[in-house]
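Asker: Structure provided below as structure tokens; questions to follow.
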Amino acid sequence: MTLSIEGLTVSYRVPGGTVTALSDVSLSVPKGRTLAVVGESGSGKSTIALAVMGLLASEAQILAGRILYEGTDLLGLEPNARRQLRGARIALIFQDPFSVFNPSLRVGEQVGEGLIHHKGFSKKAALLRAIDLLHEVGIDDAAAVANAYPHELSGGMRQRALIAGALAAEPDFLILDEPTTALDVTIEAQILDLLDEQQERRGLSMLFITHNLAVVRRIADEVAVVYAGDVVESGPTAEVLAHPLHPYTKGLLAAIPRLDAREARLAAIPGRLPDLRRLPTGCRFERRCPFAQPHCRFPQAIAAAGSARAVRCVRASDLATSAWPKARVVAPPPRQQPVAAGPVVATDRLAKAFTLTRGLAALTFEGWTPVMRPVRVRAIDGVSLTITRGEVLGLVGESGSGKTTLGRAILRLVDADDGTIQIAGEDVTLAPQNTLVPMRRIAQIVFQNPDSSLNPRKTVGEIIARPLQRFAIVRSCEVAGRVRALLDLVRLPVHYADRYPHQMSGGEKQRIGIARAIATDPQFIVCDEPVSALDVSVQAAIVNLLADLRDRLNVAYLLISHDIAVVAHLADRIAVMYRGRIVETGTRDEVIMSPYHPYTEALLSAVPTLTRSDHDRIHLPLQARRSAGTTGCVFAGRCPRRIGTICDTVEPPLRAPRPGHTMACHLPLGGVVPTAAETVLSVGPSAEPRDAAHLRSK
Amino acid sequence: MAEQSPESTAIAPPRRPMSAQLKAGLLIVGTIVLLSLLAPWIAPHPWDTISIHTRFQPPSMTYWLGTDDYGRDVLSRLLMGGRLSLAMGIGATVISVLFGVPMGLAAGYFRGNVDEVLMRVSDVLMAIPAIMLGLLVLAVMPPALWKTAVAVGLVYVPLIARVARSVTLGLTNEEFVQAARARAENALYILFREILPNAWPPLIVEASLRVTYAILLGSALSFLGLGAQPPSSDWGLMISEARAFIDRAPWIALAPGFAMCLLVIGINLIGDGLREQLDPRLKGQIAKA
């Protein structure tokens, strides 16, 4: 065993008591293997990483346990010896590649930093080694990247550079705390590949912390599921995911929307984590567990189940074959078919560009001649789409593809530069803001971040009542009643009206955001990443709620998400967006099952799933091989199926392989397309000349 | 429905108890305010009766804080002067908040030209030393206490506006403001009902700091003869008059100086304490682990 944690108990002093973050956690990572720790937010998984690194906050107390690293107890070491170990033998990679780098130091310096401290390299030697390392993690123009500042790199590049930095001092143990959560799926797939490759080459052992079970299946040999500071189940990944024993694991697995099997409703785990200040004495999952029985109130011990597995549930063997209960669709009202009354939203060649540098910042010199050259980014670029009543249009794409801007431009929250928007038949493109009241009543929005979308100074009642008053939807004496009805509609108890947003969990806040949007009785709602900030179990409940509301209120959604599985679960039609353009649209099944556009294909294949094997994955180059020109296809620079110069020079026409299915690509529609395996592009050096394209071109 | 009780029934976190600094601040400032308000009734001696016989008496049982160069009881003058100083500080701050907050909100929310015009104007105001600006206002009009308060208030408008603007800049991007715009709310509603309640915490701290500066600046103007007029007893004026006798009768200057110190500390404590008390998000952090 490289690392073994025995009976670790950690608590935090907080105002109003002590939070037990970890209770009696035992884990072990064999040499050269990967252990994944999975759990929802608040389960204590990051505390494990920090405890191993010796980076716990000062409020934390280690009450019991040992952390053995190759036989020595880390907790018994002196601070100095501990520091020697940190970085040199054990390295940590954090979640957010955007905030870990110091913005005012060059990347190369930061990658090589560990060498100077741990190996006594000179500055120059460290920089040279850093360039080697950057090359090793798949960055082609390593010297240029080493010389760049962090803000000049994209998220995927930064995460690669961080990994290079962590590997610098040749550690043999890597702790990764949600290393891919902040990244797009296509980039995530590459980072996971990179980790695999490095593990093989260096014989690394890894402790991989994540909330994403599909990522676990992809990378880990063994998995430990933590819940409220307890390890509830552990064992080999394949077995645990295929035959989960603990009800919580079953619930987590059932809550994940899948691309291949579409249920009417997702299974959700009701309730929330127990209050960590006053932990229940019995099973901590009991209150949320559909299989709970009276004797679950007694403390549960972790018990071996089979040769390599352990589970903390007395009923595990009884329940071995019972699945998490399927979500019931209670009396599904017959879904009203879209009325042929014309689309509720229609945009025509909508475009919006942002100027990144204005004023003096745009001033550059050509020789001695000053030129004003503002940097402009086309966030949305000629988007035409229609959404009919009661229809869900899913909009997917990587971050930065303009999804959010499109949603806000349709609602006139940002003003488009070009094109037209029609909402419920009315052209609202140029209407002044103060004449938009009828449109605003028809079209509403649900935001991504439940913490920021509710005014923290207002009670839930005030938040929901305001749209009712603003649009005079009900008489003032009926407002309170309608607020109660709306709370009921989003399945929150009526007494929540008196609460402030900070007194609720993320999922509950998101319900309030939805209640506020449906208060105006809209025909159309932009759902901008409505579940991406939520835990899987809560996400399922919100997705179900959105589905119910659509059926009940016959409201249309523009469902924006980077998570194709969520979109595929809810959407009737899917539009795929890349760099401000819609590259493919079609019905849900057409796009998911038989995509035409190479980008859609790559996006779908990058999604980590619980079932499919990974061998046929399409690898997209991290960055465009050339910066996108003004002509040609926006995707040509990264396209695995590029035909030839036509892709770089001629804008692909919008073609319809099937009625209602459109895509913008030069590929022959009927022609046999090469299989993915043949077109796999390595991430490594390529023969094609590269310009400074890996420096972020936006 | 599919799941009747969503992630429900967490107990609302307990109301944050008043912090020690807030209590201390309230105690200090409350005492000073109370004593000042009751001054006419509790002052042991008349504050303006001149008596040659009792000049420069050191603190004693009769004159707790001694007497000044005209033989007036320093304690009584201190109590009466507290009223003017407090009125000065609070009045000036109210004026600067009244003008500065809307200015800052508008500049931060509308950006563009509105921002440029308002902020350049406030830059100009800030470039002039505060005391000069106060002198300027008072020079064109005969001095009176309320004019001093207005002058001092105007001096601090740009500072309050700066703070309000920077908070607004951050809050404008919050999604709840976008949600208000998606309800076609007008700008006034968004500024005063959505943004302002969230902008209060830093503004309160800034304003409480301003109260103390305003008292000091008002005192300075009084010291120069432009604020409270003798025989009124403003704390600044008292120090200014006592300056000449600081070697012979230090108590005359020390008493108002010390009182001012206490008031400033008290108000700052309240400001800091209020910021924590008022921020609901800070309370929510208890539950995080």
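By order of appearance in the structure tokens: chains A, B, ..., then residues from 1 within every chain, and ligands from 1 in the order shown.
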Give me, as number ranges by chain, all polymer residues having an atom no more than 12 Å from Gly42 (chain A), counting only C-alpha atoms and skipping those fewer than 5 positions away in the same chain.
Answerer: A: 19-22, 47-48, 211, 226-230, 272-276, 505-506, 535; B: 287-289
Asker: Could you write out, as a list in words, all the residues of region 410-491 of chain A that DSSP marks as alpha helix (DSSP H)?
Answerer: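 Going through region 410-491 of chain A, the alpha helix (DSSP H) residues come out as Ile410, Val437, Pro438, Met439, Arg440, Arg441, Ile442, Val460, Gly461, Glu462, Ile463, Ile464, Ala465, Arg466, Pro467, Leu468, Gln469, Arg470, Val479, Ala480, Gly481, Arg482, Val483, Arg484, Ala485, Leu486, Leu487, Asp488 and Leu489 of chain A.
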Asker: Would you save the residues of that selection, restricted to C-alpha atoms, as a CSV table (one decimal), in the first residue's frame?
Answerer:
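The new file selection.csv reads:
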chain,number,residue,atom,x,y,z
A,410,ILE,CA,-33.4,36.3,-27.3
A,437,VAL,CA,-43.5,44.4,-20.8
A,438,PRO,CA,-45.8,42.0,-22.7
A,439,MET,CA,-42.8,40.2,-24.1
A,440,ARG,CA,-41.2,39.9,-20.6
A,441,ARG,CA,-44.4,38.3,-19.3
A,442,ILE,CA,-44.3,35.7,-22.0
A,460,VAL,CA,-38.8,33.7,-0.8
A,461,GLY,CA,-42.3,35.1,-0.6
A,462,GLU,CA,-41.2,38.5,-1.7
A,463,ILE,CA,-39.1,37.1,-4.6
A,464,ILE,CA,-42.0,35.1,-5.9
A,465,ALA,CA,-44.6,37.7,-5.3
A,466,ARG,CA,-42.8,40.4,-7.2
A,467,PRO,CA,-43.5,39.2,-10.7
A,468,LEU,CA,-47.1,38.7,-9.8
A,469,GLN,CA,-47.3,42.3,-8.7
A,470,ARG,CA,-45.2,43.6,-11.5
A,479,VAL,CA,-50.9,37.4,-4.2
A,480,ALA,CA,-50.2,35.4,-1.0
A,481,GLY,CA,-52.4,32.6,-2.2
A,482,ARG,CA,-50.7,32.4,-5.6
A,483,VAL,CA,-47.3,32.4,-4.0
A,484,ARG,CA,-48.4,29.4,-2.0
A,485,ALA,CA,-49.7,27.7,-5.1
A,486,LEU,CA,-46.4,28.4,-6.9
A,487,LEU,CA,-44.4,27.0,-4.0
A,488,ASP,CA,-46.6,23.9,-4.1
A,489,LEU,CA,-46.0,23.7,-7.9
Asker: Please provide as a short mmCIF file (atom, residue, chain, number, x, y, z; two decimals) with N, CA and C atoms, in the first residue's frame all residues within 6 Å of region 564-575 of chain A, with the sequence filter that same-chain residues fewer than 3 positions apart are discarded (counting only C-alpha atoms).
Answerer:
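Output file out_14.cif follows:
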data_model
loop_
_atom_site.label_atom_id
_atom_site.label_comp_id
_atom_site.auth_asym_id
_atom_site.auth_seq_id
_atom_site.Cartn_x
_atom_site.Cartn_y
_atom_site.Cartn_z
N PRO A 257 -28.70 11.05 -15.68
CA PRO A 257 -29.39 10.88 -16.96
C PRO A 257 -28.46 10.18 -17.95
N ARG A 258 -29.03 9.32 -18.75
CA ARG A 258 -28.19 8.57 -19.68
C ARG A 258 -28.56 8.87 -21.11
N LEU A 259 -27.55 8.80 -21.95
CA LEU A 259 -27.80 9.08 -23.36
C LEU A 259 -28.51 7.91 -24.02
N VAL A 392 -39.17 21.66 -26.12
CA VAL A 392 -37.91 21.90 -25.44
C VAL A 392 -36.80 21.81 -26.47
N LEU A 393 -36.14 22.95 -26.67
CA LEU A 393 -34.99 22.95 -27.56
C LEU A 393 -33.74 22.93 -26.69
N GLY A 394 -32.95 21.89 -26.82
CA GLY A 394 -31.71 21.82 -26.05
C GLY A 394 -30.60 22.49 -26.81
N LEU A 395 -29.80 23.27 -26.12
CA LEU A 395 -28.69 23.95 -26.77
C LEU A 395 -27.42 23.49 -26.08
N GLU A 584 -25.43 22.15 -35.93
CA GLU A 584 -26.35 21.07 -36.25
C GLU A 584 -27.61 21.23 -35.42
N THR A 585 -28.76 21.01 -36.03
CA THR A 585 -30.00 20.92 -35.26
C THR A 585 -30.81 19.75 -35.77
N GLY A 586 -31.56 19.15 -34.88
CA GLY A 586 -32.40 18.05 -35.29
C GLY A 586 -33.19 17.57 -34.10
N THR A 587 -34.00 16.56 -34.31
CA THR A 587 -34.74 16.03 -33.17
C THR A 587 -33.74 15.37 -32.24
N ARG A 588 -34.15 15.17 -31.03
CA ARG A 588 -33.28 14.63 -30.00
C ARG A 588 -32.66 13.30 -30.46
#
Asker: Work out how far CA of Ser43 (chain A) is from CA of Asp193 (chain A), in Å to one decimal.
Answerer: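 Atom-to-atom, CA of Asp193 (chain A) to CA of Ser43 (chain A), that is 27.1 Å.
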Asker: Could you jot down the CA of Asn434 (chain A) to CA of Leu196 (chain B) separation for me, Å, one decimal place?
Answerer: 21.9 Å
Asker: Which residues come within 9 Å of Asn268 (chain B), counting only C-alpha atoms, excluding same-chain residues fewer than 6 positions away, as a PDB file with C-alpha atoms, in the first residue's frame?
Answerer:
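Written output follows (out_28.pdb):
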ATOM      1  CA  GLY B  25     -19.817  50.353  20.067  1.00  0.00           C
ATOM      2  CA  VAL B 205     -18.969  50.923   7.194  1.00  0.00           C
ATOM      3  CA  SER B 208     -19.680  55.309   9.935  1.00  0.00           C
ATOM      4  CA  LEU B 209     -16.118  56.191   9.062  1.00  0.00           C
ATOM      5  CA  THR B 212     -16.045  60.409  12.557  1.00  0.00           C
TER       6      THR B 212
END
Asker: State, in Å with one decimal place, the distance from CA of Ile421 (chain A) to CA of Glu651 (chain A).
Answerer: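 That distance, rounded to one decimal, is 23.7 Å.
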